[in-house]
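These notes are about the structure you will find just below.
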Amino acid sequence: MRLVMIGSGYVGLVSGACFADFGHDVICVDIVEEKIKALKQGIIPIFEPGLSEIVQTNMNSGRLSFSMDLASAVSEADVVFVAVGTPSRRGDGHADLAYVYAAAEEIARAAKGYTVVVTKSTVPVGTGDEVERIVRRVNPDADIDVVSNPEFLREGAAIADFKRPDRIVLGTSSERATEVMRAVYRPLYLNEAPILVCERRTSELIKYAGNAFLAMKITFINEIADLCEKVGADVQKVAKGIGLDKRIGDKFLHAGPGYGGSCFPKDTLALVKTAQDHDMSVSLIEATVSFNDKRKRAMARKVVAACDGSVRDKKIAILGLTFKPNTDDMREAPSLSIIQALQDNGAIVHAFDPEGMGAAKHYLNDVVYGESPYDIAEGADALVIVTEWDAFRALDLPRLKSVMHSAAIVDLRNIYNRVEMQKAGFRYYGVGS
Ligand code: UGA
């Protein structure tokens with residue numbers, strides 16, 4: 001089948017490359033000239049394990065190409081995916097749909113023959129209806145169905161998530177469009193991925209409800225972690241103890257510095273706004289948003305406590321900057337709030353991250369970047385693990401201790417064991433125990 005991705009950002013690129021890998025012919029379109037130029041040379045603008053290889057293989061086989069010419073790509077397409085950004089609109093937190101609607105107009109003008117237009121971007125309930133209205137207004141004769149097909153890709157694990165999804169959600173009441181979309185995803189039948197077909201509005205809400213639930217689950221365990229610290233319990237055991245109950249499940253119960261990234265913070269906020277627009281409040285989600293915002297900065301207090309009550313003029317070594325491992329994404333990363341709070345308290349911050357330092361420089365001031373964990377630990381009063389990169393899981397503890405000024409470790413991801421750390425001579429501060 002001939003597929004077009006409008007928007008060659010994270011979602012468009014990963015989905016386009018994986019669809020090409022399934023054997024479809026895919027053109028990824030973008031309006032940013034430098035991006036398309038770079039992609040044509042096989043240069044990938046984001047860090048995502050395995051993506052570069054898939055892009056290269058499928059470009060070589062001729063199934064994947066990149067273009068700025070939306071009209072010509074769409075005119076040949078069976079299915080056009082809209083995978084443009086939907087950032088939080090400045091001021092009110094609503095998802096900004098300007099790019100989605102602009103794409104809809106252009107698609108309506110360019111489409112020839114029966115074309116399925118699919119919103120893959122995360123869009124508020126009712127956006128598909130508006131896209132359909134735009135299409136009908138711009139080109140009343142167009143033979144187009146508009147389908148919602150949200151993505152559930154995690155950064156850092158996106159290829160695996162795409163190829164082995166828990167489910168595929170298709171929001172449409174058109175049987176013709178459903179058949180086309182089933183054909184698009186047919187290669188996944190082998191993996192027996194369940195396909196849920198529902199109304200378009202329901203599909204749009206599934207995406208937000210899913211992310212909001214996961215954000216709430218993380219927030220729940222973070223709140224329990226705080227309680228564990230007060231009552232002398234261990235959150236990791238509590239998480240295990242409740243996670244073994246199949247009704248709860250063991251995923252997304254890792255206590256930490258709060259969720260970040262380009263999805264949970266934006267989508268929870270957008271859901272709150274949608275509810276407000278309909279004269280109701282989603283109080284659980286509102287509480288989640290507010291708890292998480294406060295938590296990130298509050299993590300700095302742990303560091304202050306580990307430094308005997310003051311970080312003024314002390315050197316603090318931050319291990320990990322990105323919002324999670326295996327990405328170079330710094331959006332809404334807890335490290336940003338933590339570092340800001342430490343600097344506000346007079347700390348001198350040094351940091352190391354395997355992939356995120358380039359992006360971090362756009363967000364942070366006065367941070368000294370190092371070459372390795374040991375480099376930044378040199379003379380440090382405390383080492384703070386903010387992101388759980390694999391490379392931080394087996395640090396050479398004697399070496400670390402020998403270079404630090406004061407052997408304090410604040411492990412915000414609980415990747416080390418308190419007893420082992422204490423045996424190695426460190427003062428160890430985890431989360432929730
Ligand atoms: C999230 C969802 O997991 C995807 O299913 C969804 O498709 C995506 O948003 C999206 O809407 O595009 P992502 O933001 O890449 O994916 O990252 P997650 O792995 O979900 O992690 C989000 C944040 O939660 C990170 O800051 C992570 O450190 C934190 N987290 C996650 C925890 O603190 N504890 C956990 O147990 C799990």
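Labels for the structure tokens follow display order: chains A, B, ..., residues from 1 in each chain, ligands from 1.
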
Neighbours of A:Asp267 within 9 Å (only C-alpha atoms; same-chain residues fewer than 4 positions away dropped), as an MDAnalysis selection string?
chainID A and resid 88 95 122 207:209 211:212 262:263 271:272

Enumerate as number ranges by chain the residues within 9 Å of ligand 1, counting only C-alpha atoms and all ligand atoms.
A: 10-11, 121-122, 150-158, 161, 207-208, 210-211, 214-215, 217-219, 221-222, 250-267, 322-325, 327, 332-334, 387-388, 413

Would you save the residues from that selection as an mmCIF file, in the first residue's frame, using C-alpha atoms?
```
data_model
loop_
_atom_site.group_PDB
_atom_site.id
_atom_site.type_symbol
_atom_site.label_atom_id
_atom_site.label_comp_id
_atom_site.auth_asym_id
_atom_site.auth_seq_id
_atom_site.Cartn_x
_atom_site.Cartn_y
_atom_site.Cartn_z
ATOM 1 C CA TYR A 10 9.199 11.417 16.372
ATOM 2 C CA VAL A 11 5.883 9.689 15.652
ATOM 3 C CA SER A 121 -1.021 12.947 16.444
ATOM 4 C CA THR A 122 -2.510 13.089 19.932
ATOM 5 C CA PRO A 150 -3.550 6.993 18.232
ATOM 6 C CA GLU A 151 0.012 5.916 18.823
ATOM 7 C CA PHE A 152 1.223 4.283 22.005
ATOM 8 C CA LEU A 153 4.974 4.480 21.431
ATOM 9 C CA ARG A 154 7.370 5.039 24.295
ATOM 10 C CA GLU A 155 10.473 7.013 23.501
ATOM 11 C CA GLY A 156 13.494 4.752 23.719
ATOM 12 C CA ALA A 157 11.396 1.651 23.007
ATOM 13 C CA ALA A 158 9.394 2.952 20.069
ATOM 14 C CA ASP A 161 6.259 -0.838 20.775
ATOM 15 C CA LYS A 207 -5.295 7.971 23.981
ATOM 16 C CA TYR A 208 -5.736 10.671 26.632
ATOM 17 C CA GLY A 210 -4.441 5.874 28.706
ATOM 18 C CA ASN A 211 -1.725 8.442 29.269
ATOM 19 C CA LEU A 214 -0.349 5.887 33.551
ATOM 20 C CA ALA A 215 0.587 9.349 34.844
ATOM 21 C CA LYS A 217 -0.331 5.377 38.478
ATOM 22 C CA ILE A 218 3.173 6.853 38.689
ATOM 23 C CA THR A 219 1.895 9.678 40.858
ATOM 24 C CA ILE A 221 3.310 5.274 43.795
ATOM 25 C CA ASN A 222 5.261 8.516 44.263
ATOM 26 C CA ASP A 250 3.447 -4.347 38.116
ATOM 27 C CA LYS A 251 4.168 -1.783 35.373
ATOM 28 C CA PHE A 252 4.552 1.949 35.980
ATOM 29 C CA LEU A 253 4.977 1.528 39.699
ATOM 30 C CA HIS A 254 8.567 2.741 39.919
ATOM 31 C CA ALA A 255 8.760 5.614 42.341
ATOM 32 C CA GLY A 256 11.008 8.427 41.187
ATOM 33 C CA PRO A 257 11.358 12.172 40.700
ATOM 34 C CA GLY A 258 8.042 12.507 38.835
ATOM 35 C CA TYR A 259 7.084 11.909 35.228
ATOM 36 C CA GLY A 260 8.354 14.124 32.425
ATOM 37 C CA GLY A 261 8.620 14.020 28.658
ATOM 38 C CA SER A 262 6.600 15.383 25.795
ATOM 39 C CA CYS A 263 3.466 13.326 26.465
ATOM 40 C CA PHE A 264 2.264 12.852 30.043
ATOM 41 C CA PRO A 265 2.617 16.488 31.155
ATOM 42 C CA LYS A 266 0.990 17.814 27.964
ATOM 43 C CA ASP A 267 -1.750 15.207 27.690
ATOM 44 C CA THR A 322 16.947 13.338 29.999
ATOM 45 C CA PHE A 323 13.385 12.634 31.189
ATOM 46 C CA LYS A 324 14.129 8.921 30.914
ATOM 47 C CA PRO A 325 16.907 6.705 29.508
ATOM 48 C CA THR A 327 16.413 9.256 24.535
ATOM 49 C CA GLU A 332 9.743 18.502 31.042
ATOM 50 C CA ALA A 333 12.643 16.452 32.426
ATOM 51 C CA PRO A 334 12.686 16.370 36.235
ATOM 52 C CA THR A 387 17.893 9.252 35.068
ATOM 53 C CA GLU A 388 18.364 5.482 35.190
ATOM 54 C CA ARG A 413 15.506 6.056 40.646
#
```

DSSP on the backbone, strand (DSSP E) only: what residues of stretch 147-384 of chain A does that give? Format it as a list in words.
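DSSP on the backbone gives strand (DSSP E) at Val147, Ser148, Ile168, Val169, Leu170, Gly171, Ile195, Leu196, Val197, Cys198, Lys315, Ile316, Ala317, Ile318, Leu319, Ile348, Val349, His350, Ala351, Phe352, Val368, Tyr369, Ala382, Leu383 and Val384 of chain A.
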
Output the selection as an mmCIF file, in the first residue's frame - N, CA, C and O atoms for each residue.
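Below is the file result.cif, written as the result:
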```cif
data_model
loop_
_atom_site.group_PDB
_atom_site.id
_atom_site.type_symbol
_atom_site.label_atom_id
_atom_site.label_comp_id
_atom_site.auth_asym_id
_atom_site.auth_seq_id
_atom_site.Cartn_x
_atom_site.Cartn_y
_atom_site.Cartn_z
ATOM 1 N N VAL A 147 -10.038 8.839 10.008
ATOM 2 C CA VAL A 147 -9.943 7.802 11.036
ATOM 3 C C VAL A 147 -9.021 8.283 12.159
ATOM 4 O O VAL A 147 -8.029 8.966 11.889
ATOM 5 N N SER A 148 -9.332 7.931 13.383
ATOM 6 C CA SER A 148 -8.400 8.190 14.495
ATOM 7 C C SER A 148 -7.633 6.903 14.788
ATOM 8 O O SER A 148 -8.228 5.830 14.906
ATOM 9 N N ILE A 168 -4.104 -2.127 18.811
ATOM 10 C CA ILE A 168 -4.204 -1.071 17.799
ATOM 11 C C ILE A 168 -5.622 -0.541 17.911
ATOM 12 O O ILE A 168 -6.578 -1.322 17.926
ATOM 13 N N VAL A 169 -5.745 0.769 18.018
ATOM 14 C CA VAL A 169 -7.079 1.364 18.160
ATOM 15 C C VAL A 169 -7.435 2.087 16.864
ATOM 16 O O VAL A 169 -6.653 2.915 16.371
ATOM 17 N N LEU A 170 -8.588 1.750 16.305
ATOM 18 C CA LEU A 170 -9.064 2.405 15.086
ATOM 19 C C LEU A 170 -10.400 3.067 15.387
ATOM 20 O O LEU A 170 -11.368 2.398 15.754
ATOM 21 N N GLY A 171 -10.445 4.385 15.223
ATOM 22 C CA GLY A 171 -11.685 5.109 15.490
ATOM 23 C C GLY A 171 -12.344 5.525 14.191
ATOM 24 O O GLY A 171 -11.920 6.492 13.546
ATOM 25 N N ILE A 195 -6.993 -5.662 17.560
ATOM 26 C CA ILE A 195 -7.423 -4.403 16.947
ATOM 27 C C ILE A 195 -8.780 -4.039 17.537
ATOM 28 O O ILE A 195 -9.725 -4.833 17.479
ATOM 29 N N LEU A 196 -8.848 -2.855 18.128
ATOM 30 C CA LEU A 196 -10.109 -2.378 18.685
ATOM 31 C C LEU A 196 -10.685 -1.328 17.746
ATOM 32 O O LEU A 196 -10.053 -0.297 17.511
ATOM 33 N N VAL A 197 -11.854 -1.621 17.196
ATOM 34 C CA VAL A 197 -12.498 -0.637 16.330
ATOM 35 C C VAL A 197 -13.624 0.017 17.127
ATOM 36 O O VAL A 197 -14.438 -0.672 17.754
ATOM 37 N N CYS A 198 -13.635 1.349 17.122
ATOM 38 C CA CYS A 198 -14.652 2.063 17.898
ATOM 39 C C CYS A 198 -14.981 3.382 17.201
ATOM 40 O O CYS A 198 -14.402 3.707 16.180
ATOM 41 N N LYS A 315 29.588 21.390 45.495
ATOM 42 C CA LYS A 315 29.539 20.840 44.138
ATOM 43 C C LYS A 315 28.594 19.634 44.113
ATOM 44 O O LYS A 315 28.791 18.670 44.849
ATOM 45 N N ILE A 316 27.576 19.731 43.286
ATOM 46 C CA ILE A 316 26.613 18.630 43.174
ATOM 47 C C ILE A 316 26.753 18.017 41.781
ATOM 48 O O ILE A 316 26.679 18.713 40.763
ATOM 49 N N ALA A 317 26.955 16.705 41.750
ATOM 50 C CA ALA A 317 27.125 15.999 40.475
ATOM 51 C C ALA A 317 25.808 15.342 40.082
ATOM 52 O O ALA A 317 25.270 14.530 40.843
ATOM 53 N N ILE A 318 25.280 15.711 38.912
ATOM 54 C CA ILE A 318 23.990 15.172 38.465
ATOM 55 C C ILE A 318 24.242 14.117 37.392
ATOM 56 O O ILE A 318 24.806 14.400 36.332
ATOM 57 N N LEU A 319 23.799 12.896 37.669
ATOM 58 C CA LEU A 319 23.952 11.813 36.693
ATOM 59 C C LEU A 319 22.619 11.597 35.986
ATOM 60 O O LEU A 319 21.654 11.128 36.591
ATOM 61 N N ILE A 348 26.770 24.475 43.059
ATOM 62 C CA ILE A 348 27.507 24.501 41.791
ATOM 63 C C ILE A 348 27.233 23.138 41.141
ATOM 64 O O ILE A 348 27.591 22.094 41.698
ATOM 65 N N VAL A 349 26.549 23.171 39.999
ATOM 66 C CA VAL A 349 26.065 21.913 39.423
ATOM 67 C C VAL A 349 26.944 21.457 38.261
ATOM 68 O O VAL A 349 27.188 22.205 37.308
ATOM 69 N N HIS A 350 27.405 20.218 38.371
ATOM 70 C CA HIS A 350 28.094 19.557 37.261
ATOM 71 C C HIS A 350 27.194 18.410 36.812
ATOM 72 O O HIS A 350 26.476 17.830 37.633
ATOM 73 N N ALA A 351 27.212 18.083 35.517
ATOM 74 C CA ALA A 351 26.277 17.053 35.053
ATOM 75 C C ALA A 351 26.880 16.212 33.941
ATOM 76 O O ALA A 351 27.759 16.656 33.197
ATOM 77 N N PHE A 352 26.368 14.984 33.867
ATOM 78 C CA PHE A 352 26.735 14.097 32.757
ATOM 79 C C PHE A 352 25.510 13.315 32.316
ATOM 80 O O PHE A 352 24.717 12.847 33.138
ATOM 81 N N VAL A 368 28.102 22.818 34.522
ATOM 82 C CA VAL A 368 29.365 22.376 33.931
ATOM 83 C C VAL A 368 29.171 20.927 33.493
ATOM 84 O O VAL A 368 28.789 20.075 34.294
ATOM 85 N N TYR A 369 29.374 20.660 32.198
ATOM 86 C CA TYR A 369 29.148 19.304 31.691
ATOM 87 C C TYR A 369 30.447 18.510 31.702
ATOM 88 O O TYR A 369 31.503 19.033 31.353
ATOM 89 N N ALA A 382 27.932 15.635 46.680
ATOM 90 C CA ALA A 382 26.876 14.618 46.542
ATOM 91 C C ALA A 382 26.737 14.270 45.064
ATOM 92 O O ALA A 382 26.934 15.123 44.190
ATOM 93 N N LEU A 383 26.394 13.006 44.827
ATOM 94 C CA LEU A 383 26.119 12.550 43.463
ATOM 95 C C LEU A 383 24.629 12.212 43.412
ATOM 96 O O LEU A 383 24.136 11.466 44.266
ATOM 97 N N VAL A 384 23.925 12.773 42.416
ATOM 98 C CA VAL A 384 22.475 12.573 42.346
ATOM 99 C C VAL A 384 22.133 11.825 41.055
ATOM 100 O O VAL A 384 22.421 12.311 39.961
#
```

Quick check, in Å to one decimal: how far apart do atom CA of A:Glu132 and atom CA of A:Gly113 lie?
16.2 Å

Residues at most 12 Å from A:Asp308, counting only C-alpha atoms, excluding those fewer than 2 positions away in the same chain, as a list in words?
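Once the nearby chain positions are removed, what remains is Arg301, Lys302, Val303, Val304, Ala305, Ala306, Ser310, Val311, Arg312, Lys314, Asp381, Ala382, Ser406, Ala408 and Arg427 of chain A.
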
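Non-sequential neighbours of stretch 55-70 of chain A (distance at most 8 Å, separation of 5 or more positions within a chain, only C-alpha atoms) are Ile6, Gly16, Ala17, Ala20, Asp21, Gly23, His24, Asp25, Val26, Ile27, Cys28, Val29, Asp30, Ile31, Val32, Glu33, Ile36, Leu39, Lys40, Gly42, Glu106, Ile107 and Ala110 of chain A.
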
Could you save those same residues with N, CA and C atoms as a CSV table (one decimal), in the first residue's frame?
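out-v3.csv written:
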```
chain,number,residue,atom,x,y,z
A,6,ILE,N,2.4,12.8,7.2
A,6,ILE,CA,2.6,14.2,7.2
A,6,ILE,C,3.2,14.6,8.6
A,16,GLY,N,6.6,5.7,10.1
A,16,GLY,CA,6.9,5.6,8.6
A,16,GLY,C,7.9,4.6,8.4
A,17,ALA,N,9.0,4.6,9.2
A,17,ALA,CA,10.1,3.6,9.0
A,17,ALA,C,9.5,2.2,9.2
A,20,ALA,N,7.3,1.0,6.5
A,20,ALA,CA,8.1,0.6,5.3
A,20,ALA,C,8.7,-0.8,5.5
A,21,ASP,N,9.1,-1.0,6.8
A,21,ASP,CA,9.8,-2.3,7.1
A,21,ASP,C,8.8,-3.4,7.0
A,23,GLY,N,6.8,-3.6,4.5
A,23,GLY,CA,6.6,-3.8,3.1
A,23,GLY,C,5.8,-2.7,2.4
A,24,HIS,N,5.2,-1.8,3.1
A,24,HIS,CA,4.5,-0.7,2.5
A,24,HIS,C,5.4,0.3,1.8
A,25,ASP,N,4.9,1.1,0.9
A,25,ASP,CA,5.7,2.2,0.3
A,25,ASP,C,5.3,3.4,1.1
A,26,VAL,N,6.3,4.0,1.6
A,26,VAL,CA,6.0,5.2,2.6
A,26,VAL,C,6.8,6.4,2.1
A,27,ILE,N,6.1,7.5,2.1
A,27,ILE,CA,6.8,8.8,1.9
A,27,ILE,C,6.5,9.6,3.2
A,28,CYS,N,7.6,10.1,3.8
A,28,CYS,CA,7.5,11.0,5.0
A,28,CYS,C,7.7,12.4,4.5
A,29,VAL,N,6.7,13.2,4.9
A,29,VAL,CA,6.7,14.6,4.4
A,29,VAL,C,7.0,15.5,5.6
A,30,ASP,N,7.7,16.6,5.4
A,30,ASP,CA,7.8,17.7,6.4
A,30,ASP,C,8.0,19.0,5.8
A,31,ILE,N,7.7,20.1,6.5
A,31,ILE,CA,7.9,21.4,5.9
A,31,ILE,C,9.2,22.0,6.2
A,32,VAL,N,10.0,21.3,7.2
A,32,VAL,CA,11.3,21.9,7.5
A,32,VAL,C,12.3,21.3,6.6
A,33,GLU,N,12.9,22.2,5.7
A,33,GLU,CA,13.7,21.8,4.7
A,33,GLU,C,15.0,21.1,5.2
A,36,ILE,N,14.3,17.4,6.1
A,36,ILE,CA,14.2,16.5,4.9
A,36,ILE,C,15.5,16.3,4.2
A,39,LEU,N,17.4,13.9,6.4
A,39,LEU,CA,16.9,12.5,6.4
A,39,LEU,C,17.2,11.9,5.0
A,40,LYS,N,17.2,12.6,4.0
A,40,LYS,CA,17.6,12.1,2.7
A,40,LYS,C,19.0,11.5,2.6
A,42,GLY,N,20.2,10.2,5.3
A,42,GLY,CA,20.2,9.1,6.3
A,42,GLY,C,20.6,9.7,7.7
A,106,GLU,N,-4.5,20.9,3.2
A,106,GLU,CA,-3.7,20.6,2.1
A,106,GLU,C,-4.0,19.2,1.6
A,107,ILE,N,-4.3,18.3,2.5
A,107,ILE,CA,-4.6,16.9,2.1
A,107,ILE,C,-5.9,17.0,1.2
A,110,ALA,N,-5.2,18.0,-2.3
A,110,ALA,CA,-4.3,17.1,-3.1
A,110,ALA,C,-4.8,15.7,-3.3
```

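Checking A:Val367, A:Ala359, A:Cys18, A:Val116 one by one against A:Glu179, counting only C-alpha atoms, you find the shortest gap at A:Val116.
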